[in-house]
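Engineer: Structure incoming, see below.
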Amino acid sequence: MYYHRLLLALTLLLAPFALRAQAKDSSYTAKMQAPGVRMITVDGKYKVWTQKVGKGRIKLLLLHGGPANSHEYFENFPEYLTKEGVEIYFYDQLGSYHSDQPKDTSIWQINRFVEEVEQVRQGLGLDHFFLLGHSWGGLLAQEYAVRYPQHLKGLIISDMGYSAPIYNKHRFGLYADIIRDQAAARGRQVPTDSLQGDNKMYPLITKTVQDEFFRRHMMRLTQEPEPYKRNLAHINRTDRLPMFKHMATWDFTARLSAIRTPTLLLGAQYDFIPPSAYDTMHQQIPNSRVYICPEGAHFAMWDDPQHYFPALISFLKKPGRKG
């Protein structure tokens with residue numbers, strides 16, 4: 001029952017994105033022909049899309065969320081980073097829009113994705129580089145940091161916690177807040193016991209509730225940026241249930257102290273990952289610092305770039321611990 005509640009939490013978050021793989025559009029062709037694009041072989045038979053943007057002494061590989069989002073929501077990174085001497089590497093993970101999308105469901109394992117990141121690193125010839133993982137990419141980044149620390153100069157965990165059971169409990173609390181608010185706006189009250197327990201709350205999490213959750217805690221801009229919308233249109237989550245099972249029970253608590261790479265914990269005030277999660281991570285990761293974007297949500301690089309990017313740039317230029 002505990003596992004099913006966790007899986008439900010992930011399903012609710014992913015429901016608005018649950019799209020079948022789509023036919024390739026004109027943006028796909030443009031991406032495949034863009035300067036700096038390189039297809040990297042992983043697992044000996046698949047190809048994943050990468051792109052180098054800019055040139056500089058600071059090398060930054062980006063791990064997008066999902067699984068099976070795309071790099072597209074990172075497209076504002078060059079605007080802020082290339083002028084600071086940052087060489088950016090975009091990368092669509094296996095199964096994502098610009099990379100191969102195998103039908104083999106056995107590939108959807110956290111460990112396999114960690115090894116994929118290492119294969120991409122080797123293919124790009126990166127070493128002593130910075131790794132930024134956002135959301136699901138932040139999960140991979142933590143796993144990679146304890147397995148391959150020798151290759152990292154710095155680690156950025158962006159909008160991602162350390163324990164699915166903990167942040168899913170917080171997420172359901174946020175859903176409960178919205179359910180109460182929407183009921184109050186209609187002059188109604190929600191029985192307290194109906195908000196106690198995930199199974200009881202599930203029937204109350206309507207599309208209206210989910211839409212408000214996304215507005216409050218995912219993307220707080222009135223107008224969604226075009227790259228972000230393009231990413232949503234390109235999400236592929238066909239046959240990913242095995243991965244969601246792994247994610248629902250993922251807990252990195254006991255291994256946080258094994259991260260020895262200088263680390264920036266980059267959160268946001270309105271994200272469904274609570275700021276308190278980063279305090280716990282900071283206490284356990286020896287060489288770490290925390291920055292919480294005061295106006296941002298889960299995609300703080302878009303709804304709070306004025307805080308997100310200065311914090312990131314400061315770390316990239318001087319990754320040692322502050323304070």
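In the structure tokens, chains take letters A, B, ... by order of appearance, with residues numbered from 1 within each chain and ligands from 1 in the order shown.
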Set the distance at 10 Å and use only C-alpha atoms: which residues neighbour Asp304 of chain A once local chain neighbours fewer than 5 positions away are removed? I'd like the list as a count of residues only.

Structural biologist: 12

Engineer: Fewer than 2 positions away in the same chain doesn't count, so skip those; otherwise give me all residues within 9 Å of Ile179 of chain A, counting only C-alpha atoms, as a ChimeraX atom specification.

Structural biologist: /A:174-177,181-184,190,195,204-205,209

Engineer: Show me, as a PyMOL selection string, the residues that have an atom within 7 Å of Ile273 of chain A when counting only C-alpha atoms, minus same-chain residues fewer than 6 positions from it.

Structural biologist: chain A and resi 159-161+167

Engineer: I need the residues of segment 18-233 of chain A that end up classed as strand (DSSP E) by DSSP on the backbone, written out as JSON, numbers by chain.

Structural biologist: {"A": [37, 38, 39, 40, 41, 42, 46, 47, 48, 49, 50, 51, 52, 53, 58, 59, 60, 61, 62, 63, 86, 87, 88, 89, 90, 91, 129, 130, 131, 132, 133, 134, 152, 153, 154, 155, 156, 157, 158]}

Engineer: Quick one: residues within 9 Å of Val114 of chain A, only C-alpha atoms, excluding same-chain residues fewer than 5 positions away - as a PyMOL selection string?

Structural biologist: chain A and resi 109+119+140-141+143-144+147

Engineer: Can you list every residue in segment 54-118 of chain A that DSSP puts in helix (DSSP H, G or I), as a tab-separated table (two decimals) with C-alpha atoms, in the first residue's frame?

Structural biologist:
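After the write, states08.tsv holds the following:
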```tsv
chain	number	residue	atom	x	y	z
A	71	HIS	CA	16.80	19.70	-23.18
A	72	GLU	CA	14.58	22.39	-24.70
A	73	TYR	CA	13.58	24.05	-21.44
A	74	PHE	CA	17.29	24.77	-20.88
A	77	PHE	CA	20.98	29.03	-20.37
A	78	PRO	CA	23.24	30.35	-23.17
A	79	GLU	CA	21.73	33.84	-22.78
A	80	TYR	CA	23.12	34.04	-19.25
A	81	LEU	CA	26.13	31.72	-19.29
A	82	THR	CA	28.10	31.84	-22.53
A	83	LYS	CA	29.19	35.45	-21.92
A	84	GLU	CA	30.59	34.25	-18.59
A	105	THR	CA	11.07	-1.23	-21.44
A	106	SER	CA	13.98	-2.92	-19.68
A	107	ILE	CA	16.14	0.14	-20.33
A	110	ILE	CA	18.04	4.39	-12.76
A	111	ASN	CA	21.38	2.59	-12.82
A	112	ARG	CA	21.31	2.28	-16.60
A	113	PHE	CA	20.68	6.02	-16.94
A	114	VAL	CA	23.62	6.78	-14.64
A	115	GLU	CA	25.84	4.65	-16.87
A	116	GLU	CA	24.40	6.45	-19.89
A	117	VAL	CA	25.55	9.78	-18.47
A	118	GLU	CA	29.06	8.34	-18.10
```

Engineer: Which is closest to Lys200 of chain A among A:Phe129, A:Phe172, A:Gln33, A:Glu87, if we use only C-alpha atoms?

Structural biologist: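 Closest to Lys200 of chain A of all the choices is A:Phe172.
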
Engineer: Just checking: using only C-alpha atoms, which residue out of A:Ala185, A:Met201, A:Tyr162, A:Gly173 ends up closest to Asp279 of chain A?

Structural biologist: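 Going through A:Ala185, A:Met201, A:Tyr162, A:Gly173 one by one, the smallest distance to Asp279 of chain A is for A:Tyr162.
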
Engineer: Give me, as CSV, each residue of segment 113-168 of chain A that comes within 10 Å of segment 38-62 of chain A, together with its shortest interatomic pair and the distance in Å at one decimal, counting only C-alpha atoms, with rows ordered by chain and rising residue number.

Structural biologist:
```
residue,atom,partner,partner_atom,distance
A:Phe113,CA,A:Val42,CA,10.0
A:Glu115,CA,A:Asp43,CA,8.8
A:Glu116,CA,A:Val42,CA,6.2
A:Val117,CA,A:Val42,CA,9.0
A:Glu118,CA,A:Val42,CA,9.4
A:Gln119,CA,A:Val42,CA,6.2
A:Val120,CA,A:Ile40,CA,6.4
A:Arg121,CA,A:Leu61,CA,8.4
A:Gln122,CA,A:Ile40,CA,9.3
A:Gly123,CA,A:Ile40,CA,6.0
A:Leu124,CA,A:Ile40,CA,7.9
A:Leu126,CA,A:Lys59,CA,7.7
A:Asp127,CA,A:Lys59,CA,8.5
A:His128,CA,A:Lys59,CA,8.1
A:Phe129,CA,A:Lys59,CA,5.1
A:Phe130,CA,A:Leu60,CA,4.7
A:Leu131,CA,A:Leu61,CA,5.1
A:Leu132,CA,A:Leu62,CA,5.0
A:Gly133,CA,A:Leu62,CA,6.1
A:His134,CA,A:Leu62,CA,8.0
A:Gly137,CA,A:Leu62,CA,8.1
A:Gly138,CA,A:Leu62,CA,9.8
A:Ala141,CA,A:Leu62,CA,9.5
A:Lys153,CA,A:Lys59,CA,9.2
A:Gly154,CA,A:Leu60,CA,9.2
A:Leu155,CA,A:Leu60,CA,9.6
A:Ile156,CA,A:Leu62,CA,9.5
```

Engineer: Record the distance separating atom CA of Tyr270 of chain A and atom CA of Tyr291 of chain A, expressed in Å with one decimal.

Structural biologist: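 Result for atom CA of Tyr270 of chain A versus atom CA of Tyr291 of chain A: 13.3 Å, one decimal.
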
Engineer: Name the closest residue to Asp92 of chain A among the candidates A:Ile178, A:Phe214, A:His234, A:Pro191; distances are taken between atoms, counting only C-alpha atoms.

Structural biologist: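 Answer, going by the shortest atom-to-atom distance: A:His234.
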
Engineer: Ranking A:Met243, A:Gly95, A:Gly187, A:Asp271 by minimum distance to Arg171 of chain A and counting only C-alpha atoms, which one comes first?

Structural biologist: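 Looking at the shortest contact to Arg171 of chain A, the residue is A:Asp271.
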
Engineer: Please report the interatomic distance between atom CA of Tyr28 of chain A and atom CA of Tyr97 of chain A in Å with one decimal.

Structural biologist: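 Taking atom CA of Tyr28 of chain A and atom CA of Tyr97 of chain A, their separation equals 8.1 Å.
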
Engineer: Env of Ser163 of chain A: 7 Å cut, atoms = only C-alpha atoms, seq-sep filter 3 positions within chain, self excluded. Answer as number ranges by chain.

Structural biologist: A: 166-167, 250-253

Engineer: Go ahead and dump the residues you just picked, C-alpha atoms, as a PDB file, in the first residue's frame.

Structural biologist:
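again_13.pdb was written with the following content:
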```
ATOM      1  CA  ILE A 166       9.535  12.818   1.834  1.00  0.00           C
ATOM      2  CA  TYR A 167       8.910  15.214  -1.028  1.00  0.00           C
ATOM      3  CA  TRP A 250      14.034   6.327  -4.420  1.00  0.00           C
ATOM      4  CA  ASP A 251      15.766   7.510  -1.248  1.00  0.00           C
ATOM      5  CA  PHE A 252      19.304   8.891  -1.256  1.00  0.00           C
ATOM      6  CA  THR A 253      19.400   9.865   2.439  1.00  0.00           C
TER       7      THR A 253
END
```

Engineer: Using only C-alpha atoms, can you tell me which of A:His170, A:Lys317, A:Arg255, A:Arg230 comes closest to Ala145 of chain A?

Structural biologist: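 Among A:His170, A:Lys317, A:Arg255, A:Arg230, it is A:Arg255 that comes nearest to Ala145 of chain A.
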
Engineer: Mind checking which residues fall within 9 Å of Pro67 of chain A, counting only C-alpha atoms, ignoring those fewer than 6 positions away in the same chain, and posting them as an MDAnalysis selection string?

Structural biologist: chainID A and resid 93 95:96 136:137 235:237 240 243:244
